[in-house]
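Report on the following structure.
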Amino acid sequence: QVQLVESGGGLVQAGGSLRLSCTASGRAFSTSAVGWFRQAPGKEREFVVVVNWSGRTTYYADSVKGRFTISRDNAKNAMYLQMNSLKPEDTAVYYCAAETGVGAGYVSKAPSGYSYWGQGTQVTVSL
């Protein structure tokens with residue numbers, strides 16, 4: 001079992017930066033595939049960035065590539081999403097996700113590929 005709690009969302013002007021944090025409980029986090037997803041009003045949840053537990057494979061959505069960076073600190077059972085050059089279209093609720101009991105190479109861009117989710121944190125980017 002893994003419980004996830006996000007923090008760090010807020011209101012920022014376009015061009016600004018935010019850093020989201022996701023803290024996990026449970027020993028399985030260090031060997032979990034993890035990722036960040038987001039959901040804007042009226043839209044489906046979409047992947048932002050996902051990474052396998054070995055850290056060797058990372059996928060970024062084209063819309064955030066070059067602006068967002070994922071990192072994880074297994075010693076702290078935490079992962080982070082550094083978001084730079086934010087745009088109004090980045091406005092959404094951001095969720096961290098984890099899937100445990102998978103091989104080192106497992107990674108999924110689909111929300112259905114993750115069993116554990118945080119409660120979400122709102123990110124609003126104004127003009």
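Note on naming: chains are A, B, ... as they come in the structure tokens, residues start from 1 per chain, ligands start from 1 in the order shown.
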Using only C-alpha atoms, determine which residues lie at most 8 Å from stretch 3-10 of chain A, disregarding the query and same-chain residues fewer than 4 positions distant; provide the list as a list of chain:residue names.
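Final neighbour list, sorted by chain and number: A:Leu18, A:Arg19, A:Leu20, A:Ser21, A:Cys22, A:Thr23, A:Ala24, A:Ser25, A:Gly26, A:Tyr95, A:Cys96, A:Ala97, A:Tyr116, A:Trp117, A:Gly118, A:Gln119, A:Gly120, A:Thr121, A:Gln122, A:Val123, A:Thr124.
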Those residues you just picked out, can you put them in a file as a short mmCIF file (atom, residue, chain, number, x, y, z; two decimals), in the first residue's frame with all heavy atoms?
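Contents of the output file part_24.cif:
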data_model
loop_
_atom_site.label_atom_id
_atom_site.label_comp_id
_atom_site.auth_asym_id
_atom_site.auth_seq_id
_atom_site.Cartn_x
_atom_site.Cartn_y
_atom_site.Cartn_z
N LEU A 18 6.62 26.92 -10.39
CA LEU A 18 6.11 26.27 -9.19
C LEU A 18 6.81 24.93 -9.06
O LEU A 18 7.22 24.33 -10.06
CB LEU A 18 4.61 26.02 -9.27
CG LEU A 18 3.65 27.18 -9.01
CD1 LEU A 18 2.21 26.73 -9.28
CD2 LEU A 18 3.79 27.70 -7.60
N ARG A 19 6.91 24.48 -7.82
CA ARG A 19 7.47 23.15 -7.57
C ARG A 19 6.45 22.35 -6.77
O ARG A 19 6.11 22.74 -5.65
CB ARG A 19 8.78 23.24 -6.80
CG ARG A 19 9.49 21.90 -6.65
CD ARG A 19 10.65 22.03 -5.71
NE ARG A 19 11.55 20.88 -5.74
CZ ARG A 19 12.16 20.38 -4.66
NH1 ARG A 19 11.96 20.94 -3.48
NH2 ARG A 19 12.98 19.35 -4.77
N LEU A 20 5.98 21.28 -7.36
CA LEU A 20 5.05 20.39 -6.69
C LEU A 20 5.82 19.28 -5.99
O LEU A 20 6.83 18.80 -6.50
CB LEU A 20 4.07 19.77 -7.67
CG LEU A 20 3.26 20.74 -8.54
CD1 LEU A 20 2.26 19.96 -9.40
CD2 LEU A 20 2.56 21.78 -7.70
N SER A 21 5.32 18.90 -4.83
CA SER A 21 5.91 17.80 -4.08
C SER A 21 4.87 16.71 -3.89
O SER A 21 3.67 16.99 -3.79
CB SER A 21 6.40 18.27 -2.72
OG SER A 21 7.39 19.26 -2.84
N CYS A 22 5.34 15.49 -3.82
CA CYS A 22 4.48 14.35 -3.56
C CYS A 22 5.20 13.48 -2.54
O CYS A 22 6.28 12.96 -2.84
CB CYS A 22 4.20 13.58 -4.84
SG CYS A 22 3.23 12.07 -4.61
N THR A 23 4.61 13.34 -1.38
CA THR A 23 5.20 12.53 -0.32
C THR A 23 4.44 11.22 -0.21
O THR A 23 3.21 11.22 -0.20
CB THR A 23 5.16 13.27 1.01
OG1 THR A 23 5.84 14.52 0.88
CG2 THR A 23 5.83 12.46 2.11
N ALA A 24 5.18 10.14 -0.12
CA ALA A 24 4.57 8.81 -0.09
C ALA A 24 4.82 8.12 1.24
O ALA A 24 5.86 8.31 1.87
CB ALA A 24 5.12 7.96 -1.22
N SER A 25 3.86 7.32 1.63
CA SER A 25 4.05 6.43 2.76
C SER A 25 4.22 5.02 2.22
O SER A 25 3.74 4.70 1.14
CB SER A 25 2.84 6.47 3.68
OG SER A 25 1.69 5.98 3.02
N GLY A 26 4.91 4.17 2.94
CA GLY A 26 5.07 2.80 2.50
C GLY A 26 6.44 2.55 1.88
O GLY A 26 6.99 3.39 1.20
N TYR A 95 -1.96 15.62 -10.17
CA TYR A 95 -1.98 14.43 -9.34
C TYR A 95 -0.66 13.68 -9.48
O TYR A 95 -0.14 13.53 -10.59
CB TYR A 95 -3.09 13.49 -9.77
CG TYR A 95 -4.48 14.05 -9.69
CD1 TYR A 95 -5.05 14.75 -10.75
CD2 TYR A 95 -5.26 13.88 -8.54
CE1 TYR A 95 -6.33 15.27 -10.68
CE2 TYR A 95 -6.55 14.39 -8.46
CZ TYR A 95 -7.07 15.08 -9.53
OH TYR A 95 -8.35 15.57 -9.46
N CYS A 96 -0.15 13.17 -8.38
CA CYS A 96 0.95 12.23 -8.47
C CYS A 96 0.35 10.82 -8.38
O CYS A 96 -0.72 10.62 -7.79
CB CYS A 96 1.99 12.45 -7.39
SG CYS A 96 1.43 12.32 -5.69
N ALA A 97 1.04 9.90 -9.00
CA ALA A 97 0.55 8.53 -9.09
C ALA A 97 1.70 7.55 -8.93
O ALA A 97 2.85 7.88 -9.26
CB ALA A 97 -0.15 8.31 -10.43
N TYR A 116 -2.28 3.89 -7.33
CA TYR A 116 -2.27 4.80 -6.18
C TYR A 116 -2.19 6.24 -6.66
O TYR A 116 -1.37 6.58 -7.52
CB TYR A 116 -1.09 4.46 -5.26
CG TYR A 116 -1.16 3.05 -4.75
CD1 TYR A 116 -0.39 2.05 -5.34
CD2 TYR A 116 -2.02 2.71 -3.71
CE1 TYR A 116 -0.47 0.75 -4.89
CE2 TYR A 116 -2.10 1.41 -3.25
CZ TYR A 116 -1.33 0.43 -3.86
OH TYR A 116 -1.42 -0.86 -3.41
N TRP A 117 -3.03 7.07 -6.04
CA TRP A 117 -3.15 8.47 -6.46
C TRP A 117 -3.20 9.38 -5.24
O TRP A 117 -3.76 9.02 -4.18
CB TRP A 117 -4.43 8.67 -7.27
CG TRP A 117 -4.39 7.97 -8.58
CD1 TRP A 117 -4.71 6.66 -8.85
CD2 TRP A 117 -3.98 8.54 -9.83
NE1 TRP A 117 -4.52 6.39 -10.18
CE2 TRP A 117 -4.08 7.53 -10.81
CE3 TRP A 117 -3.55 9.81 -10.21
CZ2 TRP A 117 -3.76 7.75 -12.15
CZ3 TRP A 117 -3.24 10.03 -11.55
CH2 TRP A 117 -3.34 9.00 -12.49
N GLY A 118 -2.63 10.57 -5.42
CA GLY A 118 -2.81 11.59 -4.41
C GLY A 118 -4.15 12.28 -4.58
O GLY A 118 -4.90 11.97 -5.51
N GLN A 119 -4.42 13.23 -3.72
CA GLN A 119 -5.71 13.92 -3.75
C GLN A 119 -5.75 15.05 -4.77
O GLN A 119 -6.81 15.57 -5.08
CB GLN A 119 -6.03 14.47 -2.34
CG GLN A 119 -5.38 15.79 -1.99
CD GLN A 119 -3.88 15.70 -1.72
OE1 GLN A 119 -3.31 14.61 -1.68
NE2 GLN A 119 -3.25 16.85 -1.50
N GLY A 120 -4.59 15.43 -5.27
CA GLY A 120 -4.51 16.49 -6.26
C GLY A 120 -4.21 17.84 -5.65
O GLY A 120 -4.58 18.12 -4.50
N THR A 121 -3.54 18.68 -6.42
CA THR A 121 -3.25 20.04 -6.01
C THR A 121 -3.51 20.98 -7.19
O THR A 121 -3.12 20.68 -8.31
CB THR A 121 -1.81 20.18 -5.47
OG1 THR A 121 -1.61 21.49 -4.95
CG2 THR A 121 -0.76 19.90 -6.55
N GLN A 122 -4.19 22.08 -6.92
CA GLN A 122 -4.58 22.99 -7.99
C GLN A 122 -3.43 23.90 -8.39
O GLN A 122 -2.77 24.51 -7.54
CB GLN A 122 -5.76 23.85 -7.53
CG GLN A 122 -6.21 24.90 -8.54
CD GLN A 122 -6.90 24.30 -9.74
OE1 GLN A 122 -7.77 23.42 -9.62
NE2 GLN A 122 -6.53 24.76 -10.94
N VAL A 123 -3.22 23.97 -9.69
CA VAL A 123 -2.26 24.91 -10.27
C VAL A 123 -3.04 25.84 -11.20
O VAL A 123 -3.71 25.36 -12.11
CB VAL A 123 -1.14 24.19 -11.03
CG1 VAL A 123 -0.28 25.19 -11.79
CG2 VAL A 123 -0.29 23.37 -10.08
N THR A 124 -2.96 27.12 -10.95
CA THR A 124 -3.63 28.11 -11.78
C THR A 124 -2.61 29.11 -12.29
O THR A 124 -1.88 29.71 -11.51
CB THR A 124 -4.73 28.85 -10.99
OG1 THR A 124 -5.66 27.90 -10.46
CG2 THR A 124 -5.48 29.82 -11.90
#
How close does stretch 84-111 of chain A get to stretch 59-72 of chain A? List, as a Markdown table, each residue of stretch 84-111 of chain A within 8 Å, its nearest atom pair and the distance in Å to one decimal, counting only C-alpha atoms.
| residue | atom | partner | partner_atom | distance |
| --- | --- | --- | --- | --- |
| A:Asn84 | CA | A:Arg67 | CA | 5.1 |
| A:Ser85 | CA | A:Arg67 | CA | 6.1 |
| A:Leu86 | CA | A:Arg67 | CA | 7.7 |
| A:Lys109 | CA | A:Tyr59 | CA | 7.9 |
Applying 12 Å and only C-alpha atoms, which residues near A:Lys43 remain after dropping the ones on its own chain fewer than 6 positions away? List them as a PyMOL selection string.
chain A and resi 89+91-93
Using C-alpha atoms, can you write the selected residues to a file as a PDB file, in the first residue's frame?
ATOM      1  CA  GLU A  89      -2.930  26.156 -20.523  1.00  0.00           C
ATOM      2  CA  THR A  91      -3.898  25.316 -15.378  1.00  0.00           C
ATOM      3  CA  ALA A  92      -5.253  22.071 -13.939  1.00  0.00           C
ATOM      4  CA  VAL A  93      -5.411  19.866 -10.893  1.00  0.00           C
TER       5      VAL A  93
END
Can you tell me how far atom CA of A:Gln13 sits from atom CA of A:Val49, in Å to one decimal?
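These two atoms are separated by 22.2 Å.
Between atom CA of A:Ser126 and atom CA of A:Val34 there is a distance of 28.3 Å.
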Residues near A:Val107, cut-off 9 Å, only C-alpha atoms, skip fewer than 5 positions along chain, as a PyMOL selection string:
chain A and resi 33-35+50-53+57-59+99+102+113
Using the selection just defined, write its residues with C-alpha atoms as a JSON list (two decimals), in the first residue's frame.
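Printed below is out_10.json as written:
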[["chain", "number", "residue", "atom", "x", "y", "z"],
["A", 33, "ALA", "CA", 6.79, 3.43, -11.25],
["A", 34, "VAL", "CA", 5.63, 6.98, -10.67],
["A", 35, "GLY", "CA", 4.30, 9.94, -12.54],
["A", 50, "VAL", "CA", 6.13, 9.30, -15.99],
["A", 51, "VAL", "CA", 9.24, 7.39, -14.96],
["A", 52, "ASN", "CA", 10.03, 3.78, -14.14],
["A", 53, "TRP", "CA", 11.42, 2.92, -10.75],
["A", 57, "THR", "CA", 13.07, 5.66, -18.67],
["A", 58, "THR", "CA", 11.23, 8.95, -18.46],
["A", 59, "TYR", "CA", 8.52, 10.25, -20.74],
["A", 99, "GLU", "CA", 2.25, 1.69, -9.25],
["A", 102, "VAL", "CA", 6.16, -3.88, -11.14],
["A", 113, "GLY", "CA", -1.57, 2.05, -15.29]]
Going by DSSP on the backbone, which bits of chain A are strand (DSSP E or B)? Write them as JSON, numbers by chain, please.
{"A": [3, 4, 5, 6, 7, 10, 11, 12, 13, 18, 19, 20, 21, 22, 23, 24, 25, 33, 34, 35, 36, 37, 38, 39, 46, 47, 48, 49, 50, 51, 58, 59, 60, 68, 69, 70, 71, 72, 73, 78, 79, 80, 81, 82, 83, 92, 93, 94, 95, 96, 97, 98, 99, 116, 117, 121, 122, 123, 124, 125, 126]}
All helix (DSSP H, G or I) positions in stretch 18-122 of chain A, as a list in words:
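Residues meeting the helix (DSSP H, G or I) criterion: Arg27, Ala28, Phe29, Ser30, Thr31, Asn74, Ala75, Lys76, Pro88, Glu89, Asp90, Pro111, Ser112 and Gly113 of chain A.
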Quick one: write out the picked residues with N, CA, C and O atoms as a PDB file, in the first residue's frame?
ATOM      1  N   ARG A  27       6.949   1.374   2.147  1.00  0.00           N
ATOM      2  CA  ARG A  27       8.292   1.011   1.690  1.00  0.00           C
ATOM      3  C   ARG A  27       8.357   0.782   0.199  1.00  0.00           C
ATOM      4  O   ARG A  27       9.421   0.820  -0.393  1.00  0.00           O
ATOM      5  N   ALA A  28       7.204   0.555  -0.420  1.00  0.00           N
ATOM      6  CA  ALA A  28       7.208   0.165  -1.826  1.00  0.00           C
ATOM      7  C   ALA A  28       7.496   1.321  -2.765  1.00  0.00           C
ATOM      8  O   ALA A  28       7.701   1.110  -3.949  1.00  0.00           O
ATOM      9  N   PHE A  29       7.546   2.543  -2.237  1.00  0.00           N
ATOM     10  CA  PHE A  29       7.683   3.685  -3.139  1.00  0.00           C
ATOM     11  C   PHE A  29       8.972   3.632  -3.934  1.00  0.00           C
ATOM     12  O   PHE A  29       8.989   3.983  -5.111  1.00  0.00           O
ATOM     13  N   SER A  30      10.043   3.191  -3.333  1.00  0.00           N
ATOM     14  CA  SER A  30      11.336   3.218  -4.017  1.00  0.00           C
ATOM     15  C   SER A  30      11.371   2.283  -5.227  1.00  0.00           C
ATOM     16  O   SER A  30      12.210   2.460  -6.114  1.00  0.00           O
ATOM     17  N   THR A  31      10.498   1.302  -5.253  1.00  0.00           N
ATOM     18  CA  THR A  31      10.446   0.393  -6.390  1.00  0.00           C
ATOM     19  C   THR A  31       9.119   0.532  -7.133  1.00  0.00           C
ATOM     20  O   THR A  31       8.590  -0.433  -7.686  1.00  0.00           O
ATOM     21  N   ASN A  74      14.186   8.797  -3.139  1.00  0.00           N
ATOM     22  CA  ASN A  74      13.664   7.588  -2.510  1.00  0.00           C
ATOM     23  C   ASN A  74      13.958   7.551  -1.015  1.00  0.00           C
ATOM     24  O   ASN A  74      13.203   6.952  -0.241  1.00  0.00           O
ATOM     25  N   ALA A  75      15.043   8.179  -0.603  1.00  0.00           N
ATOM     26  CA  ALA A  75      15.370   8.206   0.829  1.00  0.00           C
ATOM     27  C   ALA A  75      14.313   8.966   1.625  1.00  0.00           C
ATOM     28  O   ALA A  75      14.077   8.680   2.799  1.00  0.00           O
ATOM     29  N   LYS A  76      13.673   9.921   0.956  1.00  0.00           N
ATOM     30  CA  LYS A  76      12.626  10.705   1.604  1.00  0.00           C
ATOM     31  C   LYS A  76      11.235  10.263   1.186  1.00  0.00           C
ATOM     32  O   LYS A  76      10.247  10.885   1.579  1.00  0.00           O
ATOM     33  N   PRO A  88      -0.889  29.642 -19.266  1.00  0.00           N
ATOM     34  CA  PRO A  88      -2.281  29.493 -18.818  1.00  0.00           C
ATOM     35  C   PRO A  88      -2.853  28.110 -19.108  1.00  0.00           C
ATOM     36  O   PRO A  88      -3.657  27.597 -18.317  1.00  0.00           O
ATOM     37  N   GLU A  89      -2.423  27.490 -20.198  1.00  0.00           N
ATOM     38  CA  GLU A  89      -2.930  26.156 -20.523  1.00  0.00           C
ATOM     39  C   GLU A  89      -2.391  25.064 -19.606  1.00  0.00           C
ATOM     40  O   GLU A  89      -2.821  23.915 -19.697  1.00  0.00           O
ATOM     41  N   ASP A  90      -1.476  25.400 -18.725  1.00  0.00           N
ATOM     42  CA  ASP A  90      -1.021  24.443 -17.711  1.00  0.00           C
ATOM     43  C   ASP A  90      -1.970  24.398 -16.511  1.00  0.00           C
ATOM     44  O   ASP A  90      -1.790  23.565 -15.615  1.00  0.00           O
ATOM     45  N   PRO A 111      -3.473   6.740 -17.238  1.00  0.00           N
ATOM     46  CA  PRO A 111      -3.866   6.774 -15.824  1.00  0.00           C
ATOM     47  C   PRO A 111      -4.230   5.399 -15.285  1.00  0.00           C
ATOM     48  O   PRO A 111      -3.985   5.108 -14.102  1.00  0.00           O
ATOM     49  N   SER A 112      -4.764   4.543 -16.130  1.00  0.00           N
ATOM     50  CA  SER A 112      -5.150   3.201 -15.692  1.00  0.00           C
ATOM     51  C   SER A 112      -3.952   2.345 -15.308  1.00  0.00           C
ATOM     52  O   SER A 112      -4.116   1.278 -14.708  1.00  0.00           O
ATOM     53  N   GLY A 113      -2.767   2.801 -15.630  1.00  0.00           N
ATOM     54  CA  GLY A 113      -1.567   2.052 -15.289  1.00  0.00           C
ATOM     55  C   GLY A 113      -1.076   2.271 -13.876  1.00  0.00           C
ATOM     56  O   GLY A 113      -0.047   1.707 -13.499  1.00  0.00           O
TER      57      GLY A 113
END
Pick from A:Ala104, A:Val48, A:Val2, A:Ala110: nearest to A:Trp36, with only C-alpha atoms counted?
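Comparing A:Ala104, A:Val48, A:Val2, A:Ala110 against A:Trp36, the winner is A:Val48.
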